[in-house]
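What's in start37.pdb: PDB, C-alpha atoms, pLDDT in the B column
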```
MODEL        1
ATOM      1  CA  MET A   3      16.410  29.202   3.023  1.00 96.00           C
ATOM      2  CA  LYS A   4      12.677  28.499   2.972  1.00 98.00           C
ATOM      3  CA  LEU A   5      10.908  25.439   1.603  1.00 98.00           C
ATOM      4  CA  THR A   6       7.157  25.295   0.901  1.00 98.00           C
ATOM      5  CA  TYR A   7       5.413  22.004   0.166  1.00 98.00           C
ATOM      6  CA  TYR A   8       2.469  21.891  -2.261  1.00 98.00           C
ATOM      7  CA  GLY A   9       1.598  18.208  -2.022  1.00 98.00           C
ATOM      8  CA  HIS A  10       2.684  15.151  -3.985  1.00 98.00           C
ATOM      9  CA  SER A  11       6.226  16.042  -5.147  1.00 98.00           C
ATOM     10  CA  ALA A  12       5.842  19.779  -5.728  1.00 98.00           C
ATOM     11  CA  PHE A  13       7.787  22.170  -3.538  1.00 98.00           C
ATOM     12  CA  LEU A  14       9.307  25.629  -3.712  1.00 98.00           C
ATOM     13  CA  VAL A  15      12.746  26.576  -2.401  1.00 98.00           C
ATOM     14  CA  GLU A  16      13.427  30.262  -1.800  1.00 98.00           C
ATOM     15  CA  THR A  17      17.152  30.925  -1.524  1.00 97.00           C
ATOM     16  CA  ALA A  18      19.604  33.726  -2.276  1.00 90.00           C
ATOM     17  CA  GLY A  19      16.847  35.883  -3.748  1.00 95.00           C
ATOM     18  CA  HIS A  20      15.687  33.143  -6.148  1.00 98.00           C
ATOM     19  CA  LYS A  21      12.649  30.875  -6.268  1.00 98.00           C
ATOM     20  CA  LEU A  22      13.209  27.264  -7.341  1.00 98.00           C
ATOM     21  CA  LEU A  23      10.131  25.152  -8.083  1.00 98.00           C
ATOM     22  CA  PHE A  24      10.411  21.366  -8.194  1.00 98.00           C
ATOM     23  CA  ASP A  25       8.000  19.077 -10.098  1.00 99.00           C
ATOM     24  CA  PRO A  26       5.036  21.501 -10.405  1.00 98.00           C
ATOM     25  CA  PHE A  27       2.097  19.093 -10.566  1.00 98.00           C
ATOM     26  CA  LEU A  28      -0.640  21.438  -9.306  1.00 98.00           C
ATOM     27  CA  SER A  29      -3.651  21.183 -11.652  1.00 97.00           C
ATOM     28  CA  GLY A  30      -5.311  17.894 -10.764  1.00 96.00           C
ATOM     29  CA  ASN A  31      -3.315  17.587  -7.542  1.00 98.00           C
ATOM     30  CA  PRO A  32      -5.935  17.327  -4.782  1.00 97.00           C
ATOM     31  CA  HIS A  33      -3.403  18.386  -2.151  1.00 97.00           C
ATOM     32  CA  ALA A  34      -2.752  21.667  -3.951  1.00 97.00           C
ATOM     33  CA  ALA A  35      -6.440  22.509  -4.363  1.00 97.00           C
ATOM     34  CA  GLY A  36      -7.276  25.590  -2.324  1.00 96.00           C
ATOM     35  CA  VAL A  37      -3.591  26.007  -1.421  1.00 97.00           C
ATOM     36  CA  VAL A  38      -1.936  27.113  -4.650  1.00 98.00           C
ATOM     37  CA  SER A  39      -2.586  27.165  -8.384  1.00 97.00           C
ATOM     38  CA  ALA A  40      -0.252  27.374 -11.343  1.00 98.00           C
ATOM     39  CA  ALA A  41      -1.277  30.991 -11.874  1.00 97.00           C
ATOM     40  CA  ASP A  42      -0.043  31.893  -8.379  1.00 97.00           C
ATOM     41  CA  LEU A  43       3.560  30.903  -8.981  1.00 98.00           C
ATOM     42  CA  HIS A  44       6.308  32.909 -10.671  1.00 98.00           C
ATOM     43  CA  PRO A  45       9.527  30.982 -10.026  1.00 98.00           C
ATOM     44  CA  ASP A  46      12.909  31.852 -11.450  1.00 98.00           C
ATOM     45  CA  VAL A  47      13.694  28.179 -12.056  1.00 98.00           C
ATOM     46  CA  ILE A  48      11.673  24.984 -12.585  1.00 99.00           C
ATOM     47  CA  LEU A  49      13.503  21.732 -11.828  1.00 99.00           C
ATOM     48  CA  LEU A  50      12.099  18.427 -13.056  1.00 99.00           C
ATOM     49  CA  THR A  51      13.031  14.974 -11.836  1.00 98.00           C
ATOM     50  CA  HIS A  52      11.302  13.178 -14.709  1.00 98.00           C
ATOM     51  CA  ALA A  53       8.559  13.514 -17.314  1.00 98.00           C
ATOM     52  CA  HIS A  54       5.568  11.730 -15.790  1.00 98.00           C
ATOM     53  CA  GLY A  55       2.440  13.861 -15.698  1.00 98.00           C
ATOM     54  CA  ASP A  56       2.386  14.019 -11.899  1.00 98.00           C
ATOM     55  CA  HIS A  57       5.781  15.777 -12.028  1.00 98.00           C
ATOM     56  CA  TRP A  58       5.832  17.598 -15.396  1.00 98.00           C
ATOM     57  CA  GLY A  59       2.372  18.894 -14.486  1.00 98.00           C
ATOM     58  CA  ASP A  60       1.985  22.645 -15.129  1.00 98.00           C
ATOM     59  CA  THR A  61       5.577  23.217 -16.226  1.00 98.00           C
ATOM     60  CA  LEU A  62       4.883  24.918 -19.535  1.00 98.00           C
ATOM     61  CA  GLU A  63       2.122  27.181 -18.207  1.00 98.00           C
ATOM     62  CA  ILE A  64       4.261  28.333 -15.279  1.00 98.00           C
ATOM     63  CA  ALA A  65       7.384  28.720 -17.425  1.00 98.00           C
ATOM     64  CA  ARG A  66       5.546  30.826 -20.004  1.00 97.00           C
ATOM     65  CA  GLN A  67       4.015  33.169 -17.464  1.00 97.00           C
ATOM     66  CA  SER A  68       7.176  33.588 -15.408  1.00 98.00           C
ATOM     67  CA  GLY A  69       9.937  33.177 -17.968  1.00 98.00           C
ATOM     68  CA  ALA A  70      11.473  30.548 -15.684  1.00 98.00           C
ATOM     69  CA  LEU A  71      14.559  28.587 -16.607  1.00 98.00           C
ATOM     70  CA  ILE A  72      13.690  24.889 -16.966  1.00 99.00           C
ATOM     71  CA  VAL A  73      16.390  22.574 -15.595  1.00 99.00           C
ATOM     72  CA  ALA A  74      16.092  18.885 -16.397  1.00 98.00           C
ATOM     73  CA  ASN A  75      17.699  16.111 -18.416  1.00 98.00           C
ATOM     74  CA  PHE A  76      18.373  16.623 -22.113  1.00 98.00           C
ATOM     75  CA  GLU A  77      15.213  14.858 -23.274  1.00 98.00           C
ATOM     76  CA  ILE A  78      12.931  16.968 -21.063  1.00 98.00           C
ATOM     77  CA  THR A  79      14.554  20.287 -21.956  1.00 98.00           C
ATOM     78  CA  SER A  80      14.394  19.357 -25.658  1.00 98.00           C
ATOM     79  CA  TYR A  81      10.681  18.595 -25.251  1.00 98.00           C
ATOM     80  CA  ALA A  82      10.170  22.001 -23.640  1.00 98.00           C
ATOM     81  CA  GLN A  83      11.966  23.672 -26.550  1.00 98.00           C
ATOM     82  CA  ARG A  84       9.815  21.814 -29.094  1.00 98.00           C
ATOM     83  CA  ASN A  85       6.797  23.149 -27.209  1.00 98.00           C
ATOM     84  CA  GLY A  86       7.922  26.749 -27.406  1.00 97.00           C
ATOM     85  CA  HIS A  87      10.022  27.370 -24.292  1.00 98.00           C
ATOM     86  CA  ASP A  88      13.670  27.968 -25.162  1.00 97.00           C
ATOM     87  CA  ARG A  89      15.003  29.049 -21.758  1.00 98.00           C
ATOM     88  CA  VAL A  90      16.413  25.729 -20.601  1.00 98.00           C
ATOM     89  CA  GLN A  91      19.473  24.208 -18.946  1.00 98.00           C
ATOM     90  CA  PRO A  92      19.967  20.544 -19.875  1.00 98.00           C
ATOM     91  CA  MET A  93      21.837  18.218 -17.531  1.00 98.00           C
ATOM     92  CA  ASN A  94      22.466  14.499 -17.272  1.00 98.00           C
ATOM     93  CA  THR A  95      23.037  11.917 -14.580  1.00 97.00           C
ATOM     94  CA  GLY A  96      26.110  12.632 -12.465  1.00 97.00           C
ATOM     95  CA  GLY A  97      26.678  16.098 -13.916  1.00 98.00           C
ATOM     96  CA  SER A  98      26.854  19.317 -11.884  1.00 98.00           C
ATOM     97  CA  TRP A  99      26.383  22.968 -12.770  1.00 98.00           C
ATOM     98  CA  ASN A 100      26.973  26.228 -10.919  1.00 98.00           C
ATOM     99  CA  PHE A 101      24.032  28.626 -10.966  1.00 98.00           C
ATOM    100  CA  PRO A 102      23.743  32.119  -9.427  1.00 96.00           C
ATOM    101  CA  TRP A 103      21.699  30.579  -6.610  1.00 97.00           C
ATOM    102  CA  GLY A 104      23.841  27.498  -5.905  1.00 97.00           C
ATOM    103  CA  ARG A 105      25.364  24.293  -7.216  1.00 98.00           C
ATOM    104  CA  LEU A 106      23.201  21.508  -8.576  1.00 98.00           C
ATOM    105  CA  THR A 107      24.114  17.863  -9.178  1.00 98.00           C
ATOM    106  CA  GLN A 108      21.767  15.559 -11.061  1.00 98.00           C
ATOM    107  CA  THR A 109      21.649  12.089  -9.530  1.00 98.00           C
ATOM    108  CA  TYR A 110      20.394   8.687 -10.592  1.00 97.00           C
ATOM    109  CA  ALA A 111      16.862   7.599  -9.690  1.00 98.00           C
ATOM    110  CA  ARG A 112      15.508   4.083 -10.113  1.00 98.00           C
ATOM    111  CA  HIS A 113      12.229   4.669 -11.929  1.00 98.00           C
ATOM    112  CA  SER A 114      10.909   5.299 -15.485  1.00 98.00           C
ATOM    113  CA  SER A 115      10.132   8.468 -17.435  1.00 98.00           C
ATOM    114  CA  SER A 116       7.774   9.395 -20.258  1.00 98.00           C
ATOM    115  CA  PHE A 117       5.525  12.357 -21.001  1.00 98.00           C
ATOM    116  CA  PRO A 118       1.726  12.066 -20.863  1.00 97.00           C
ATOM    117  CA  ASP A 119       1.684  11.911 -24.694  1.00 98.00           C
ATOM    118  CA  GLY A 120       4.018   8.902 -24.642  1.00 98.00           C
ATOM    119  CA  THR A 121       7.206  10.759 -25.630  1.00 98.00           C
ATOM    120  CA  TYR A 122      10.308   9.267 -24.031  1.00 98.00           C
ATOM    121  CA  GLY A 123      11.482  11.402 -21.117  1.00 98.00           C
ATOM    122  CA  GLY A 124      15.057  10.201 -20.699  1.00 98.00           C
ATOM    123  CA  ASN A 125      16.517   8.786 -17.509  1.00 97.00           C
ATOM    124  CA  PRO A 126      14.696   9.722 -14.295  1.00 98.00           C
ATOM    125  CA  ASN A 127      16.767  11.733 -11.851  1.00 98.00           C
ATOM    126  CA  GLY A 128      17.127  13.227  -8.407  1.00 98.00           C
ATOM    127  CA  TYR A 129      18.944  16.407  -7.416  1.00 98.00           C
ATOM    128  CA  LEU A 130      21.527  17.472  -4.885  1.00 98.00           C
ATOM    129  CA  LEU A 131      21.180  21.194  -4.296  1.00 98.00           C
ATOM    130  CA  CYS A 132      23.776  23.215  -2.395  1.00 98.00           C
ATOM    131  CA  ALA A 133      22.669  26.753  -1.545  1.00 98.00           C
ATOM    132  CA  GLU A 134      23.461  29.071   1.364  1.00 97.00           C
ATOM    133  CA  GLY A 135      25.744  26.393   2.775  1.00 96.00           C
ATOM    134  CA  ARG A 136      22.882  23.871   3.007  1.00 97.00           C
ATOM    135  CA  TRP A 137      22.432  20.595   1.137  1.00 98.00           C
ATOM    136  CA  ILE A 138      19.037  19.354  -0.013  1.00 98.00           C
ATOM    137  CA  TYR A 139      18.724  15.955  -1.688  1.00 98.00           C
ATOM    138  CA  ASN A 140      15.522  15.407  -3.636  1.00 98.00           C
ATOM    139  CA  THR A 141      15.725  11.715  -4.503  1.00 98.00           C
ATOM    140  CA  GLY A 142      13.005  11.917  -7.147  1.00 98.00           C
ATOM    141  CA  ASP A 143      10.778   8.906  -7.704  1.00 98.00           C
ATOM    142  CA  THR A 144      12.981   5.979  -6.781  1.00 98.00           C
ATOM    143  CA  SER A 145      13.616   2.935  -4.674  1.00 98.00           C
ATOM    144  CA  PRO A 146      16.780   2.641  -2.581  1.00 98.00           C
ATOM    145  CA  PHE A 147      19.998   1.977  -4.507  1.00 98.00           C
ATOM    146  CA  THR A 148      23.427   1.243  -3.110  1.00 97.00           C
ATOM    147  CA  GLU A 149      25.073   4.394  -4.523  1.00 97.00           C
ATOM    148  CA  MET A 150      23.015   6.389  -2.026  1.00 98.00           C
ATOM    149  CA  ALA A 151      25.727   5.368   0.435  1.00 98.00           C
ATOM    150  CA  TRP A 152      28.225   7.376  -1.649  1.00 97.00           C
ATOM    151  CA  ILE A 153      25.963  10.412  -1.350  1.00 98.00           C
ATOM    152  CA  GLY A 154      25.868   9.881   2.408  1.00 98.00           C
ATOM    153  CA  GLU A 155      29.662   9.710   2.490  1.00 98.00           C
ATOM    154  CA  ASP A 156      30.384  12.621   0.162  1.00 97.00           C
ATOM    155  CA  PHE A 157      27.688  15.129   1.138  1.00 97.00           C
ATOM    156  CA  ALA A 158      26.477  16.395   4.507  1.00 97.00           C
ATOM    157  CA  VAL A 159      22.796  16.317   3.573  1.00 98.00           C
ATOM    158  CA  ASP A 160      20.711  18.668   5.712  1.00 98.00           C
ATOM    159  CA  LEU A 161      17.355  17.701   4.199  1.00 98.00           C
ATOM    160  CA  ALA A 162      16.300  14.637   2.208  1.00 98.00           C
ATOM    161  CA  LEU A 163      13.038  14.636   0.276  1.00 98.00           C
ATOM    162  CA  MET A 164      11.929  11.151  -0.701  1.00 98.00           C
ATOM    163  CA  PRO A 165       8.838   9.204  -1.727  1.00 98.00           C
ATOM    164  CA  ILE A 166       7.091   6.870   0.679  1.00 98.00           C
ATOM    165  CA  GLY A 167       3.894   6.049  -1.246  1.00 98.00           C
ATOM    166  CA  ASP A 168       4.872   2.542  -2.386  1.00 98.00           C
ATOM    167  CA  CYS A 169       3.471   0.851  -5.535  1.00 98.00           C
ATOM    168  CA  PHE A 170       5.253   3.194  -7.991  1.00 98.00           C
ATOM    169  CA  THR A 171       8.179   4.139  -5.736  1.00 98.00           C
ATOM    170  CA  MET A 172       9.693   2.888  -2.517  1.00 98.00           C
ATOM    171  CA  GLY A 173       7.352   2.624   0.433  1.00 98.00           C
ATOM    172  CA  PRO A 174       7.949   3.492   4.094  1.00 98.00           C
ATOM    173  CA  GLU A 175      10.371   0.633   4.715  1.00 98.00           C
ATOM    174  CA  GLY A 176      12.363   1.486   1.608  1.00 98.00           C
ATOM    175  CA  ALA A 177      12.525   5.123   2.670  1.00 98.00           C
ATOM    176  CA  VAL A 178      13.951   4.087   6.040  1.00 98.00           C
ATOM    177  CA  ARG A 179      16.602   2.021   4.248  1.00 98.00           C
ATOM    178  CA  ALA A 180      17.435   4.946   1.941  1.00 98.00           C
ATOM    179  CA  THR A 181      17.740   7.263   4.944  1.00 98.00           C
ATOM    180  CA  LYS A 182      20.201   4.873   6.564  1.00 98.00           C
ATOM    181  CA  LEU A 183      22.382   5.178   3.456  1.00 98.00           C
ATOM    182  CA  ILE A 184      22.098   8.960   3.035  1.00 98.00           C
ATOM    183  CA  ARG A 185      22.158   9.915   6.744  1.00 98.00           C
ATOM    184  CA  PRO A 186      20.421  13.294   6.413  1.00 98.00           C
ATOM    185  CA  LYS A 187      19.722  15.553   9.367  1.00 98.00           C
ATOM    186  CA  LEU A 188      16.016  15.629   8.454  1.00 98.00           C
ATOM    187  CA  THR A 189      13.801  13.679   6.062  1.00 98.00           C
ATOM    188  CA  VAL A 190      10.502  14.924   4.600  1.00 98.00           C
ATOM    189  CA  PRO A 191       8.257  12.514   2.674  1.00 98.00           C
ATOM    190  CA  LEU A 192       6.877  13.117  -0.825  1.00 98.00           C
ATOM    191  CA  HIS A 193       4.745  11.250  -3.368  1.00 98.00           C
ATOM    192  CA  TYR A 194       2.131   9.752  -1.073  1.00 98.00           C
ATOM    193  CA  GLY A 195      -1.592  10.050  -0.424  1.00 98.00           C
ATOM    194  CA  THR A 196      -2.438  11.775  -3.702  1.00 98.00           C
ATOM    195  CA  PHE A 197      -4.513   8.888  -5.041  1.00 97.00           C
ATOM    196  CA  PRO A 198      -5.612   5.520  -3.615  1.00 97.00           C
ATOM    197  CA  MET A 199      -2.670   3.407  -4.797  1.00 98.00           C
ATOM    198  CA  ILE A 200      -0.176   5.514  -2.827  1.00 98.00           C
ATOM    199  CA  GLU A 201      -2.074   5.913   0.436  1.00 98.00           C
ATOM    200  CA  VAL A 202       0.206   5.208   3.416  1.00 98.00           C
ATOM    201  CA  ASP A 203       0.238   5.708   7.175  1.00 98.00           C
ATOM    202  CA  THR A 204       2.623   8.637   7.624  1.00 98.00           C
ATOM    203  CA  ASN A 205       2.517   8.325  11.415  1.00 97.00           C
ATOM    204  CA  ARG A 206       3.766   4.749  11.173  1.00 97.00           C
ATOM    205  CA  TRP A 207       6.537   5.849   8.812  1.00 98.00           C
ATOM    206  CA  ALA A 208       7.597   8.602  11.218  1.00 98.00           C
ATOM    207  CA  GLU A 209       7.676   6.036  14.047  1.00 98.00           C
ATOM    208  CA  GLN A 210       9.853   3.713  11.931  1.00 98.00           C
ATOM    209  CA  MET A 211      12.210   6.594  11.226  1.00 98.00           C
ATOM    210  CA  ALA A 212      12.437   7.487  14.902  1.00 98.00           C
ATOM    211  CA  ALA A 213      13.126   3.860  15.800  1.00 98.00           C
ATOM    212  CA  ALA A 214      15.995   3.890  13.284  1.00 98.00           C
ATOM    213  CA  GLY A 215      17.384   7.039  14.903  1.00 98.00           C
ATOM    214  CA  PHE A 216      16.472   9.587  12.225  1.00 98.00           C
ATOM    215  CA  ALA A 217      14.515  12.844  12.365  1.00 98.00           C
ATOM    216  CA  ALA A 218      11.441  13.055  10.144  1.00 98.00           C
ATOM    217  CA  ARG A 219       8.783  15.673   9.542  1.00 98.00           C
ATOM    218  CA  VAL A 220       5.551  15.339   7.574  1.00 98.00           C
ATOM    219  CA  LEU A 221       4.559  18.642   5.951  1.00 98.00           C
ATOM    220  CA  ASN A 222       0.986  19.612   5.162  1.00 97.00           C
ATOM    221  CA  PRO A 223       0.320  21.244   1.777  1.00 98.00           C
ATOM    222  CA  GLY A 224       1.176  24.919   2.059  1.00 98.00           C
ATOM    223  CA  GLU A 225       3.367  24.398   5.126  1.00 98.00           C
ATOM    224  CA  HIS A 226       6.827  25.983   5.309  1.00 97.00           C
ATOM    225  CA  LEU A 227      10.156  24.672   6.527  1.00 97.00           C
ATOM    226  CA  HIS A 228      13.162  26.905   7.253  1.00 97.00           C
ATOM    227  CA  LEU A 229      16.715  25.626   6.994  1.00 95.00           C
TER     228      LEU A 229
ENDMDL
END
```
Final C-alpha cells representation of the file:
Amino acid sequence: MKLTYYGHSAFLVETAGHKLLFDPFLSGNPHAAGVVSAADLHPDVILLTHAHGDHWGDTLEIARQSGALIVANFEITSYAQRNGHDRVQPMNTGGSWNFPWGRLTQTYARHSSSFPDGTYGGNPNGYLLCAEGRWIYNTGDTSPFTEMAWIGEDFAVDLALMPIGDCFTMGPEGAVRATKLIRPKLTVPLHYGTFPMIEVDTNRWAEQMAAAGFAARVLNPGEHLHL
C-alpha cells in the first residue's frame, strides 16, 4: 500500500490495484502547486470527509474526467448527483461498506460542513479504511472526542492522519491527546500551514509526540509513504 500526500488534507492511497483520493483540494492549494494538479489525477474513488471548499475542492472536475466513484455522506453524494455526477456511494456516521479494494467505516468528526455556495453538507466525518490487512484512520477535520478511545480499542490502527493546524481544528496538543486515545503505530499530520491561520511548528509537534511515546512523520507535498 502506498500513500502520497498533496498538502492540506489531500492524499492518494494506492491499494489492491485501486487509487483512492481523499479530499482533493488542489486548485488554490499552495502546497500542491508545482506538485500535482487536478488534471493529473485519475482515481478510481474519491472520498470526502466534509463539504468545505478546502476538502471538496476539485471533486467534480476529477470525478468527471476519471469516472471516479464519489464516497461521502448522503448530503454530499446528493449534491454531486445534482451537479451531474451519478456514480456515488452514500454513507453515514457509524456505517461500513465492503468495496472491491477494502472495507470502509465512516466515523464521527467534531466540526461543521457546508459547500462553498452555502448548501448544507451534512455531518462531517472521518474514515477507517481496512485494505491489504492495514488500517488507516483519517480523522477528518476534528478535535479530540472520547469515542476515539473505542477506535483505539477496537481497531489496530497502523496509520492515523489528523489535523494539527489549530483555529479550525485541533492543534498540536489536541492531536497528541487524540493519538493517546487511538494508539496508532504512526501518525501523519494534515490540515496545517496552508494559510496563515493554521501555521504551526511541526517540529515542536513531532517532539511532543515523541515525548508521549508515539511515532510521527511529517510528509512534504508529493512525498510517499509505504505501509
A:Arg185, A:Arg179, A:Arg112, A:His10 ranked by distance to Glu155 (chain A), top pick (using only C-alpha atoms): A:Arg185
Determine the residue membership of the PyMOL selection byres ((chain A and resi 192) around 7) for the file above and supply it as a PyMOL selection string. chain A and resi 10-11+163-166+190-191+193-194
What's the 9 Å shell around region 84-88 of chain A, counting all atoms listed in the file, without same-chain residues fewer than 5 positions away, as a PyMOL selection string? chain A and resi 62+65-66+69+71-72+79
Write out, as JSON lines, each residue of region 144-192 of chain A that has an atom at most 8 Å from region 127-140 of chain A, together with the closest pair of atoms and their distance in Å to one decimal, counting all atoms listed in the file, rows going by chain and rising number.
```
{"residue": "A:Phe157", "atom": "CA", "partner": "A:Trp137", "partner_atom": "CA", "distance": 7.6}
{"residue": "A:Ala158", "atom": "CA", "partner": "A:Trp137", "partner_atom": "CA", "distance": 6.7}
{"residue": "A:Val159", "atom": "CA", "partner": "A:Trp137", "partner_atom": "CA", "distance": 4.9}
{"residue": "A:Asp160", "atom": "CA", "partner": "A:Trp137", "partner_atom": "CA", "distance": 5.3}
{"residue": "A:Leu161", "atom": "CA", "partner": "A:Ile138", "partner_atom": "CA", "distance": 4.8}
{"residue": "A:Ala162", "atom": "CA", "partner": "A:Tyr139", "partner_atom": "CA", "distance": 4.8}
{"residue": "A:Leu163", "atom": "CA", "partner": "A:Asn140", "partner_atom": "CA", "distance": 4.7}
{"residue": "A:Met164", "atom": "CA", "partner": "A:Asn140", "partner_atom": "CA", "distance": 6.3}
```
Which residues of region 192-223 of chain A have any atom within 12 Å of an atom in region 13-36 of chain A when counting all atoms listed in the file, and what is the closest pair of atoms for each, with the distance in Å to one decimal? Order the rows by chain and rising number and write it as a Markdown table.
```
| residue | atom | partner | partner_atom | distance |
| --- | --- | --- | --- | --- |
| A:Leu192 | CA | A:Phe13 | CA | 9.5 |
| A:His193 | CA | A:Asp25 | CA | 10.8 |
| A:Tyr194 | CA | A:His33 | CA | 10.3 |
| A:Gly195 | CA | A:His33 | CA | 8.7 |
| A:Thr196 | CA | A:Pro32 | CA | 6.6 |
| A:Phe197 | CA | A:Pro32 | CA | 8.6 |
| A:Pro198 | CA | A:Pro32 | CA | 11.9 |
| A:Leu221 | CA | A:Phe13 | CA | 10.6 |
| A:Asn222 | CA | A:His33 | CA | 8.6 |
| A:Pro223 | CA | A:His33 | CA | 6.1 |
```
With distances taken over all atoms listed in the file, which residue among A:Thr189, A:Ser145, A:Thr181, A:Thr61 lies nearest Ser114 (chain A)?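 Ranked by minimum distance to Ser114 (chain A), first place goes to A:Ser145.
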Test item: the PyMOL selection byres ((chain A and resi 97) around 8) resolved as number ranges by chain: A: 93-96, 98-99, 107-109
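Residue nearest Leu43 (chain A) within the list A:His226, A:Thr6, A:Gln83, A:Thr204: A:Thr6 [criterion: smallest interatomic distance, all atoms listed in the file].
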Expansion of the PyMOL selection byres ((chain A and resi 57) around 8) into residues, as an MDAnalysis selection string: chainID A and resid 11:12 25:27 50:56 58:59
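Each of A:Gly104, A:Pro186, A:Gly124, A:Pro45 was compared to Ser80 (chain A) using all atoms listed in the file, and A:Gly124 turns out to be the nearest.
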Around all the atoms of region 150-169 of chain A listed in the file, with 8 Å of room on each side, what axis-aligned box do you get, giving centre and edge lengths in Å to one decimal, as lines of an AutoDock Vina configuration file?
```
center_x = 16.9
center_y = 9.8
center_z = 0.1
size_x = 42.9
size_y = 33.8
size_z = 27.2
```
CA of Gly142 (chain A) and CA of His44 (chain A), how far apart in Å?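 Interatomic distance, CA of His44 (chain A) to CA of Gly142 (chain A): 22.3 Å.
Distance check against Gly176 (chain A) using only C-alpha atoms: of A:Ile200, A:Ile78, A:Met211, A:Ala151, the minimum falls on A:Met211.
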Hey, which of A:Val47, A:Met3, A:Val90, A:Ala82 ends up closest to Ala70 (chain A)? Count all atoms listed in the file.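 Of A:Val47, A:Met3, A:Val90, A:Ala82, the one nearest Ala70 (chain A) is A:Val47, counting all atoms listed in the file.
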Please report the interatomic distance between CA of Glu77 (chain A) and CA of Gly123 (chain A) in Å with one decimal.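 So the two atoms, CA of Glu77 (chain A) and CA of Gly123 (chain A), lie 5.5 Å apart.
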